[in-house]
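The data block below is start-v4.txt; it holds compact mmCIF, C-alpha atoms.
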```
# COMPACT_ATOMS: atom_id res chain seq x y z
CA MET W 1 150.58 -148.17 163.12
CA SER W 2 151.56 -146.88 166.56
CA ARG W 3 151.39 -143.23 167.57
CA GLN W 4 155.20 -143.25 167.89
CA LYS W 5 155.58 -144.42 164.29
CA ALA W 6 153.10 -141.82 163.12
CA ALA W 7 155.05 -139.12 164.94
CA ALA W 8 158.29 -140.26 163.33
CA GLY W 9 156.58 -140.20 159.98
CA LEU W 10 155.51 -136.59 160.47
CA LEU W 11 159.04 -135.51 161.30
CA ALA W 12 160.35 -137.33 158.24
CA VAL W 13 157.84 -135.57 156.01
CA VAL W 14 158.51 -132.14 157.51
CA GLY W 15 162.23 -132.61 156.89
CA SER W 16 161.76 -133.61 153.27
CA ALA W 17 163.20 -131.39 150.52
CA SER W 18 160.13 -131.81 148.34
CA SER W 19 156.60 -130.72 149.12
CA GLN W 20 155.00 -133.51 147.12
CA PRO W 21 154.04 -136.52 149.30
CA LEU W 22 155.27 -139.89 148.18
CA PRO W 23 152.56 -142.36 147.19
CA ALA W 24 151.97 -145.35 149.42
CA GLN W 25 152.08 -148.96 148.28
CA HIS W 26 148.76 -150.21 146.90
CA ALA W 27 147.58 -153.65 145.85
CA HIS W 28 145.57 -152.29 142.92
CA ALA W 29 146.49 -150.02 140.01
CA GLY W 30 145.26 -146.46 140.38
CA HIS W 31 144.08 -143.88 137.87
CA PRO W 32 144.27 -140.06 138.04
CA VAL W 33 141.18 -138.01 138.81
CA SER W 34 140.72 -134.26 139.01
CA PHE W 35 137.51 -132.45 139.84
CA VAL W 36 135.96 -129.53 141.72
CA ALA W 37 133.50 -130.37 144.48
CA CYS W 38 132.25 -129.45 147.94
CA PRO W 39 134.14 -131.36 150.65
CA GLU W 40 131.83 -133.23 153.01
CA PHE W 41 132.67 -133.79 156.66
CA ARG W 42 131.52 -136.91 158.45
CA ASN W 43 131.24 -136.44 162.20
CA THR W 44 133.13 -139.58 163.20
CA ALA W 45 135.41 -140.02 166.20
CA ARG W 46 138.34 -139.36 163.85
CA GLN W 47 138.11 -136.77 161.09
CA CYS W 48 136.63 -138.13 157.87
CA TRP W 49 136.52 -135.99 154.70
CA THR W 50 134.95 -137.10 151.42
CA ALA W 51 133.89 -135.54 148.11
CA GLU W 52 131.62 -136.69 145.29
CA SER W 53 132.28 -136.62 141.55
CA GLY W 54 130.86 -138.56 138.63
CA GLY W 55 128.54 -140.56 140.86
CA LYS W 56 131.42 -141.74 143.08
CA THR W 57 132.40 -140.75 146.60
CA TYR W 58 136.12 -140.30 147.21
CA TYR W 59 138.03 -140.25 150.48
CA ILE W 60 140.16 -137.07 150.51
CA GLY W 61 141.40 -137.20 154.10
CA GLY W 62 144.87 -138.48 153.17
CA PHE W 63 146.16 -134.98 152.43
CA GLY W 64 149.22 -135.37 154.67
CA ILE W 65 150.01 -132.04 156.30
CA GLY W 66 149.20 -129.82 153.34
CA THR W 67 146.11 -127.64 152.98
CA PRO W 68 143.09 -129.38 154.53
CA PRO W 69 139.58 -129.27 153.03
CA GLN W 70 137.21 -126.64 154.41
CA LEU W 71 133.48 -126.28 154.70
CA LEU W 72 131.91 -123.34 152.83
CA HIS W 73 134.58 -123.62 150.13
CA ARG W 74 134.59 -125.71 146.99
CA ALA W 75 137.94 -127.34 146.35
CA LEU W 76 139.99 -128.50 143.41
CA ILE W 77 140.78 -132.13 144.21
CA GLU W 78 143.59 -133.89 142.33
CA GLY W 79 144.73 -137.38 143.11
CA VAL W 80 145.13 -141.02 142.16
CA ALA W 81 142.03 -143.16 142.74
CA TYR W 82 142.16 -146.81 143.80
CA ASP W 83 138.77 -148.31 143.05
CA GLY W 84 139.53 -151.50 144.97
CA GLU W 85 140.37 -149.72 148.21
CA SER W 86 138.18 -147.72 150.57
CA SER W 87 138.50 -145.56 153.65
CA CYS W 88 135.60 -143.88 155.45
CA GLY W 89 133.40 -145.94 153.14
CA ALA W 90 134.71 -144.10 150.06
CA THR W 91 137.23 -144.76 147.28
CA VAL W 92 140.76 -143.89 148.36
CA LEU W 93 142.65 -141.04 146.71
CA ASP W 94 146.38 -141.35 147.39
CA PRO W 95 148.21 -139.09 147.01
CA VAL W 96 145.68 -136.28 146.96
CA HIS W 97 146.24 -132.54 146.56
CA ILE W 98 143.47 -130.28 147.81
CA SER W 99 143.24 -126.64 146.77
CA PRO W 100 140.39 -124.84 148.57
CA LEU W 101 138.97 -122.16 146.30
CA PRO W 102 138.78 -118.67 147.87
CA GLU W 103 135.12 -117.93 147.14
CA ILE W 104 132.54 -118.63 149.86
CA ASP W 105 129.96 -121.20 148.77
CA ALA W 106 127.03 -121.59 151.17
CA ALA W 107 126.15 -124.92 149.56
CA CYS W 108 129.37 -126.47 150.87
CA GLU W 109 128.29 -127.03 154.45
CA THR W 110 127.39 -130.74 154.50
CA VAL W 111 128.11 -132.48 157.81
CA LEU W 112 127.20 -136.16 157.74
CA PRO W 113 126.34 -138.20 160.84
CA ASP W 114 128.66 -140.80 162.28
CA ASN W 115 128.14 -144.11 160.48
CA GLY W 116 130.76 -145.97 162.49
CA VAL W 117 133.20 -146.15 159.57
CA GLY W 118 136.30 -144.07 160.14
CA PRO W 119 139.53 -143.67 158.15
CA LYS W 120 141.75 -146.73 158.07
CA GLU W 121 145.07 -144.88 158.33
CA LEU W 122 146.28 -142.39 160.90
CA SER W 123 146.28 -138.73 159.92
CA ILE W 124 147.96 -135.65 161.34
CA PHE W 125 145.00 -135.21 163.71
CA ASP W 126 145.89 -138.49 165.46
CA LEU W 127 149.40 -137.39 166.44
CA PRO W 128 150.31 -136.42 170.01
CA PRO W 129 149.96 -132.66 170.73
CA ALA W 130 153.65 -132.43 171.59
CA VAL W 131 154.60 -133.60 168.09
CA LEU W 132 152.23 -131.14 166.43
CA ALA W 133 153.54 -128.29 168.59
CA ALA W 134 157.15 -129.09 167.65
CA ASN W 135 156.29 -128.76 163.93
CA GLY W 136 159.60 -130.25 162.87
CA ALA W 137 161.75 -128.25 165.32
CA ALA W 138 163.69 -131.37 166.29
CA ILE W 139 164.90 -131.99 162.75
CA PRO W 140 168.71 -131.66 162.55
CA THR W 141 170.38 -129.26 160.13
CA PRO W 142 170.86 -130.95 156.73
CA PRO W 143 174.45 -131.68 155.63
CA PRO W 144 176.16 -129.23 153.24
CA LEU W 145 175.52 -129.70 149.54
CA ALA W 146 178.25 -131.50 147.63
CA ARG W 147 177.10 -130.19 144.24
CA ASP W 148 174.65 -127.77 142.67
CA ALA W 149 171.05 -128.71 143.44
CA THR W 150 167.45 -127.85 142.58
CA PHE W 151 164.53 -128.05 145.02
CA LYS W 152 160.85 -127.74 144.10
CA ILE W 153 157.95 -126.43 146.16
CA TYR W 154 154.41 -127.20 145.00
CA PHE W 155 151.44 -124.89 145.54
CA ASP W 156 147.66 -124.99 145.71
CA PHE W 157 145.81 -123.90 142.60
CA ASP W 158 146.12 -120.16 141.80
CA SER W 159 147.65 -119.53 145.22
CA ALA W 160 151.00 -118.14 146.35
CA HIS W 161 150.30 -118.99 149.98
CA LEU W 162 152.81 -121.23 151.76
CA ASN W 163 150.81 -123.84 153.63
CA LEU W 164 152.16 -125.87 156.56
CA PHE W 165 153.77 -128.44 154.30
CA ASN W 166 155.43 -125.79 152.13
CA GLN W 167 156.68 -123.87 155.15
CA ALA W 168 158.48 -126.97 156.40
CA THR W 169 159.97 -127.55 152.95
CA VAL W 170 161.23 -123.96 152.69
CA GLU W 171 162.79 -124.22 156.15
CA THR W 172 164.67 -127.36 155.13
CA ILE W 173 165.92 -125.63 151.96
CA ALA W 174 167.02 -122.59 154.00
CA ARG W 175 168.93 -124.77 156.47
CA THR W 176 170.62 -126.55 153.58
CA ILE W 177 171.64 -123.24 152.00
CA MET W 178 173.01 -121.84 155.26
CA SER W 179 175.12 -124.97 155.85
CA SER W 180 176.66 -124.82 152.35
CA ARG W 181 179.06 -122.52 150.50
CA VAL W 182 176.57 -121.03 148.08
CA ARG W 183 177.45 -118.75 145.18
CA SER W 184 173.94 -117.91 144.01
CA ILE W 185 170.28 -118.87 144.40
CA ASN W 186 167.87 -118.53 141.49
CA ILE W 187 164.16 -118.78 142.34
CA THR W 188 161.76 -119.37 139.45
CA GLY W 189 158.00 -119.28 139.93
CA PHE W 190 155.71 -121.16 137.54
CA SER W 191 152.04 -120.76 136.79
CA GLY W 192 150.17 -123.86 135.67
CA ARG W 193 146.93 -125.44 134.62
CA THR W 194 144.83 -128.44 135.61
CA ARG W 195 142.91 -130.62 133.19
CA LEU W 196 139.77 -131.90 134.92
CA SER W 197 138.37 -135.39 134.49
CA ASP W 198 135.42 -133.98 132.52
CA GLY W 199 137.80 -132.62 129.86
CA SER W 200 137.70 -128.96 130.87
CA SER W 201 140.70 -127.03 132.17
CA MET W 202 141.43 -124.59 134.98
CA ILE W 203 144.14 -122.06 134.16
CA GLU W 204 146.09 -119.98 136.64
CA SER W 205 146.86 -116.29 136.27
CA PRO W 206 150.31 -115.83 134.68
CA SER W 207 151.27 -113.44 137.51
CA THR W 208 150.87 -116.23 140.08
CA GLY W 209 154.33 -117.55 139.26
CA ARG W 210 155.91 -114.22 140.19
CA LEU W 211 153.98 -114.05 143.48
CA ARG W 212 155.07 -117.59 144.35
CA ALA W 213 158.73 -116.79 143.70
CA GLN W 214 158.46 -113.69 145.90
CA ALA W 215 156.80 -115.69 148.71
CA VAL W 216 159.60 -118.27 148.70
CA ARG W 217 162.29 -115.57 148.55
CA ASP W 218 160.77 -113.68 151.48
CA ALA W 219 160.50 -116.87 153.55
CA LEU W 220 164.11 -117.88 152.88
CA VAL W 221 165.39 -114.42 153.82
CA LEU W 222 163.24 -114.35 156.96
CA ILE W 223 164.78 -117.65 158.08
CA GLY W 224 168.29 -116.31 157.58
CA VAL W 225 169.43 -116.74 153.96
CA ASP W 226 171.58 -113.86 152.66
CA PRO W 227 169.28 -111.78 150.39
CA ASN W 228 172.25 -110.75 148.24
CA LEU W 229 172.55 -114.35 147.01
CA VAL W 230 168.95 -114.51 145.73
CA ARG W 231 167.77 -113.76 142.21
CA LEU W 232 164.11 -113.94 141.15
CA SER W 233 162.58 -114.98 137.85
CA ASN W 234 159.17 -116.21 136.80
CA VAL W 235 157.55 -117.85 133.82
CA GLU W 236 154.87 -115.51 132.45
CA LYS W 237 153.96 -117.66 129.45
CA THR W 238 150.37 -118.74 128.94
CA PRO W 239 149.85 -121.80 131.17
CA VAL W 240 148.00 -123.69 128.42
CA ASP W 241 151.34 -123.93 126.61
CA ALA W 242 152.89 -125.80 129.53
CA GLN W 243 154.15 -129.32 128.93
CA VAL W 244 152.98 -130.47 132.38
CA ASP W 245 149.61 -129.90 133.99
CA GLY W 246 148.09 -130.54 137.41
CA ALA W 247 149.88 -130.06 140.71
CA GLU W 248 153.25 -130.73 139.04
CA SER W 249 152.88 -127.53 136.97
CA ARG W 250 152.31 -125.26 139.98
CA ASN W 251 155.72 -124.94 141.58
CA VAL W 252 158.67 -122.81 142.51
CA ALA W 253 162.12 -124.10 141.57
CA VAL W 254 165.01 -123.11 143.85
CA ASP W 255 168.30 -123.57 141.95
CA ILE W 256 171.32 -123.46 144.22
CA ALA W 257 174.79 -122.95 142.69
CA LEU W 258 177.72 -123.65 144.98
CA ALA W 259 180.80 -121.47 145.10
CA ASN W 260 182.92 -124.60 144.64
CA GLY W 261 180.51 -126.86 142.77
CA THR W 262 183.20 -128.14 140.38
CA GLU W 263 186.40 -130.15 140.51
CA TYR W 264 188.22 -127.36 138.66
CA GLY W 265 189.61 -124.18 140.18
CA LEU W 266 191.96 -122.25 137.92
CA SER W 267 190.65 -118.68 138.11
CA GLY W 268 187.52 -116.82 139.15
CA SER W 269 186.17 -113.33 139.57
CA VAL W 270 183.63 -111.59 141.80
CA HIS W 271 181.82 -108.45 140.69
CA THR W 272 180.18 -106.45 143.45
CA SER W 273 179.55 -102.93 144.71
CA SER W 274 180.71 -104.00 148.19
CA LEU W 275 184.45 -104.64 148.44
CA GLU W 276 184.02 -106.15 151.89
CA ARG W 277 181.52 -108.67 150.59
CA GLY W 278 183.64 -109.31 147.48
CA LEU W 279 186.66 -110.22 149.60
CA ARG W 280 184.52 -112.44 151.83
CA VAL W 281 183.20 -114.34 148.83
CA ALA W 282 186.66 -114.55 147.23
CA ARG W 283 188.09 -116.26 150.30
CA VAL W 284 185.66 -119.18 150.05
CA ILE W 285 186.04 -119.73 146.29
CA ARG W 286 188.33 -122.68 145.69
CA ALA W 287 190.45 -121.28 142.86
CA GLY W 288 194.11 -120.45 142.46
CA MET W 289 193.31 -116.90 141.39
CA VAL W 290 190.28 -114.82 142.37
CA HIS W 291 189.93 -111.23 141.16
CA VAL W 292 187.40 -108.85 142.72
CA ASN W 293 185.85 -106.52 140.13
CA ASP W 294 188.22 -107.65 137.38
CA ARG W 295 188.43 -110.26 134.63
CA THR W 296 189.38 -113.87 135.27
CA VAL W 297 192.29 -113.74 132.78
CA PHE W 298 194.75 -111.61 134.71
CA ASP W 299 198.42 -112.15 135.56
CA LEU W 300 201.52 -110.28 136.70
CA PRO W 301 205.08 -111.59 136.29
CA GLY W 302 205.97 -111.28 139.94
CA ILE W 303 202.82 -112.96 141.30
CA LEU W 304 202.26 -116.64 141.96
CA THR W 305 199.68 -118.22 139.67
CA GLY W 306 198.17 -121.70 139.38
CA GLY W 307 195.03 -123.72 139.88
CA MET W 308 193.40 -125.87 142.52
CA GLY W 309 191.81 -129.27 142.18
CA SER W 310 191.99 -130.61 138.62
CA SER W 311 193.03 -127.28 137.11
CA GLY W 312 196.54 -126.65 135.80
CA SER W 313 199.34 -129.18 136.14
CA GLY W 314 199.09 -129.43 139.89
CA SER W 315 201.98 -126.97 140.42
CA ARG W 316 202.12 -123.27 140.95
CA PHE W 317 203.97 -120.92 138.63
CA GLY W 318 205.19 -117.35 138.50
CA SER W 319 207.70 -115.24 140.41
CA THR W 320 210.52 -117.15 142.17
CA THR W 321 208.38 -120.29 142.26
CA ASN W 322 209.51 -121.06 138.70
CA TRP W 323 213.06 -121.45 139.97
CA ASP W 324 211.98 -124.29 142.26
CA GLU W 325 209.84 -125.94 139.58
CA PHE W 326 212.31 -126.00 136.69
CA THR W 327 215.78 -125.93 138.39
CA GLU W 328 217.72 -127.44 141.29
CA TRP W 329 219.35 -125.28 143.90
CA GLN W 330 223.16 -125.29 144.20
CA TRP W 331 225.31 -123.28 146.61
CA VAL W 332 228.57 -122.00 145.08
CA THR W 333 231.20 -119.82 146.87
CA VAL W 334 234.28 -118.21 145.26
CA GLY W 335 237.46 -116.93 146.95
CA ALA W 336 240.22 -114.80 145.27
CA VAL W 337 243.05 -116.81 146.90
CA PRO W 338 243.15 -120.20 148.52
CA VAL W 339 242.24 -120.19 152.19
CA ARG W 340 245.05 -121.32 154.53
CA TYR W 341 244.00 -123.30 157.59
CA PRO W 342 246.13 -123.75 160.74
CA PHE W 343 246.09 -127.53 160.55
```
Is it possible to give me this structure as structure tokens?
Amino acid sequence: MSRQKAAAGLLAVVGSASSQPLPAQHAHAGHPVSFVACPEFRNTARQCWTAESGGKTYYIGGFGIGTPPQLLHRALIEGVAYDGESSCGATVLDPVHISPLPEIDAACETVLPDNGVGPKELSIFDLPPAVLAANGAAIPTPPPLARDATFKIYFDFDSAHLNLFNQATVETIARTIMSSRVRSINITGFSGRTRLSDGSSMIESPSTGRLRAQAVRDALVLIGVDPNLVRLSNVEKTPVDAQVDGAESRNVAVDIALANGTEYGLSGSVHTSSLERGLRVARVIRAGMVHVNDRTVFDLPGILTGGMGSSGSGSRFGSTTNWDEFTEWQWVTVGAVPVRYPF
């Protein structure tokens, strides 16, 4: 792979709307593994990270642009292992999610000598400095949403910190929101659990979901999303009751509802303490009738009524408009006596 292709790949990943990397194509079937271990750094010309579990050494350097492994910290390592493939002389994990644990562990300081075997694929560290400095700045603004949408952002274990990969994902979501006519944004934070390969489980604090939702909300607002559109919620249930475990269970869902996310548009209403904002929102709602701080079922005999899109019969009713809809115009004049003309 050339450096130019690697750079293009980074930009494509940074512009993605999901913070979970897509798995590569492999010749052999993989199997999931999950364990806690000290990352080991091999001092090769190109960075080479490995970790040991169950008598096997796994290559964990294919972490994309998420949270990298660190010395002096044990890490939760979750991935798909391919026993028939190796990189850095270790079994490949792809994809792999690394969650460095916050506690300092002096035993995690292994630096191995160069054995001449480096990683087979390029990593973020092999990209040109100019590409790394840009950090996705050249990515164009996404097109407006055509319908309601949900985006997910995945987190490290028991962490509400937005890493580099998550920051890029949140920026893409924010750009999408700001280019669309959005009615509301609901952000839901989830806590999760991870079942390790040895049968034990690691469970997150239930409050982590709330902290994650707040972190995403703050980032969206900082980028430029209207804070009045955002509503927060979080799942405080015990994580062991979750249907999904692993990295998939640790996420924030951003549900975006469009102001005009339907083919129908008969009537709508906006309830707000700001009349100025209510009128601004009413003007972008595609409906025949929009009432600020009132019910949707509202009519006056002298006012035009009707729907847009697939609502109503395609005509507008009320007031003098009914005359045009149900009658034909005719001009009639009446004189008391016949008019005499000079010809």
Near Pro142 of chain W, counting only C-alpha atoms, which residues have an atom at most 8 Å away, once you skip same-chain residues fewer than 3 positions from it, shown as number ranges by chain?
-> W: 172, 175-176, 179
Which protein, DNA or RNA residues have an atom at most 6 Å from (147.5, -138.3, 148.3), counting all atoms listed in the file? List them as a PyMOL selection string.
-> chain W and resi 62-63+79+93-96
Gly84 of chain W surroundings by only C-alpha atoms, 7 Å radius, close-in-sequence under 2 positions cut, as JSON, numbers by chain = {"W": [28, 82, 86]}
Atom CA of Asn186 of chain W to atom CA of His291 of chain W measures 23.2 Å
Quote the spacing between atom CA of Leu162 of chain W and atom CA of Arg195 of chain W in Å to one decimal place.
-> 23.0 Å
Atom CA of Arg42 of chain W to atom CA of Ile104 of chain W, distance in Å rounded to a single decimal =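 Distance reported for this atom pair: 20.2 Å.
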Would you kindly return, as an NGL selection string, each protein, DNA or RNA residue with an atom no farther than 10 Å from any atom of segment 268-278 of chain W, considering all atoms listed in the file and excluding same-chain residues fewer than 2 positions away?
-> :W and (228 or 265-266 or 280-283 or 285-298)
Please, could you write that set of residues out with C-alpha atoms as a PDB file, in the frame of the given file?
```pdb
ATOM      1  CA  ASN W 228     172.250-110.750 148.240  1.00  0.00           C
ATOM      2  CA  GLY W 265     189.610-124.180 140.180  1.00  0.00           C
ATOM      3  CA  LEU W 266     191.960-122.250 137.920  1.00  0.00           C
ATOM      4  CA  ARG W 280     184.520-112.440 151.830  1.00  0.00           C
ATOM      5  CA  VAL W 281     183.200-114.340 148.830  1.00  0.00           C
ATOM      6  CA  ALA W 282     186.660-114.550 147.230  1.00  0.00           C
ATOM      7  CA  ARG W 283     188.090-116.260 150.300  1.00  0.00           C
ATOM      8  CA  ILE W 285     186.040-119.730 146.290  1.00  0.00           C
ATOM      9  CA  ARG W 286     188.330-122.680 145.690  1.00  0.00           C
ATOM     10  CA  ALA W 287     190.450-121.280 142.860  1.00  0.00           C
ATOM     11  CA  GLY W 288     194.110-120.450 142.460  1.00  0.00           C
ATOM     12  CA  MET W 289     193.310-116.900 141.390  1.00  0.00           C
ATOM     13  CA  VAL W 290     190.280-114.820 142.370  1.00  0.00           C
ATOM     14  CA  HIS W 291     189.930-111.230 141.160  1.00  0.00           C
ATOM     15  CA  VAL W 292     187.400-108.850 142.720  1.00  0.00           C
ATOM     16  CA  ASN W 293     185.850-106.520 140.130  1.00  0.00           C
ATOM     17  CA  ASP W 294     188.220-107.650 137.380  1.00  0.00           C
ATOM     18  CA  ARG W 295     188.430-110.260 134.630  1.00  0.00           C
ATOM     19  CA  THR W 296     189.380-113.870 135.270  1.00  0.00           C
ATOM     20  CA  VAL W 297     192.290-113.740 132.780  1.00  0.00           C
ATOM     21  CA  PHE W 298     194.750-111.610 134.710  1.00  0.00           C
TER      22      PHE W 298
END
```
Name the residues in contact with Arg183 of chain W at a cut-off of 10 Å, using only C-alpha atoms, excluding same-chain residues fewer than 2 positions from it; report them as an MDAnalysis selection string.
-> chainID W and resid 148 180:181 185 229:230 256:261 281 284:285
Go through W:Ala75, W:Ile187, W:Cys88, W:Ala51 and flag the residue nearest Pro227 of chain W, using only C-alpha atoms for the distances.
->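 Using only C-alpha atoms, the shortest distance to Pro227 of chain W belongs to W:Ile187.
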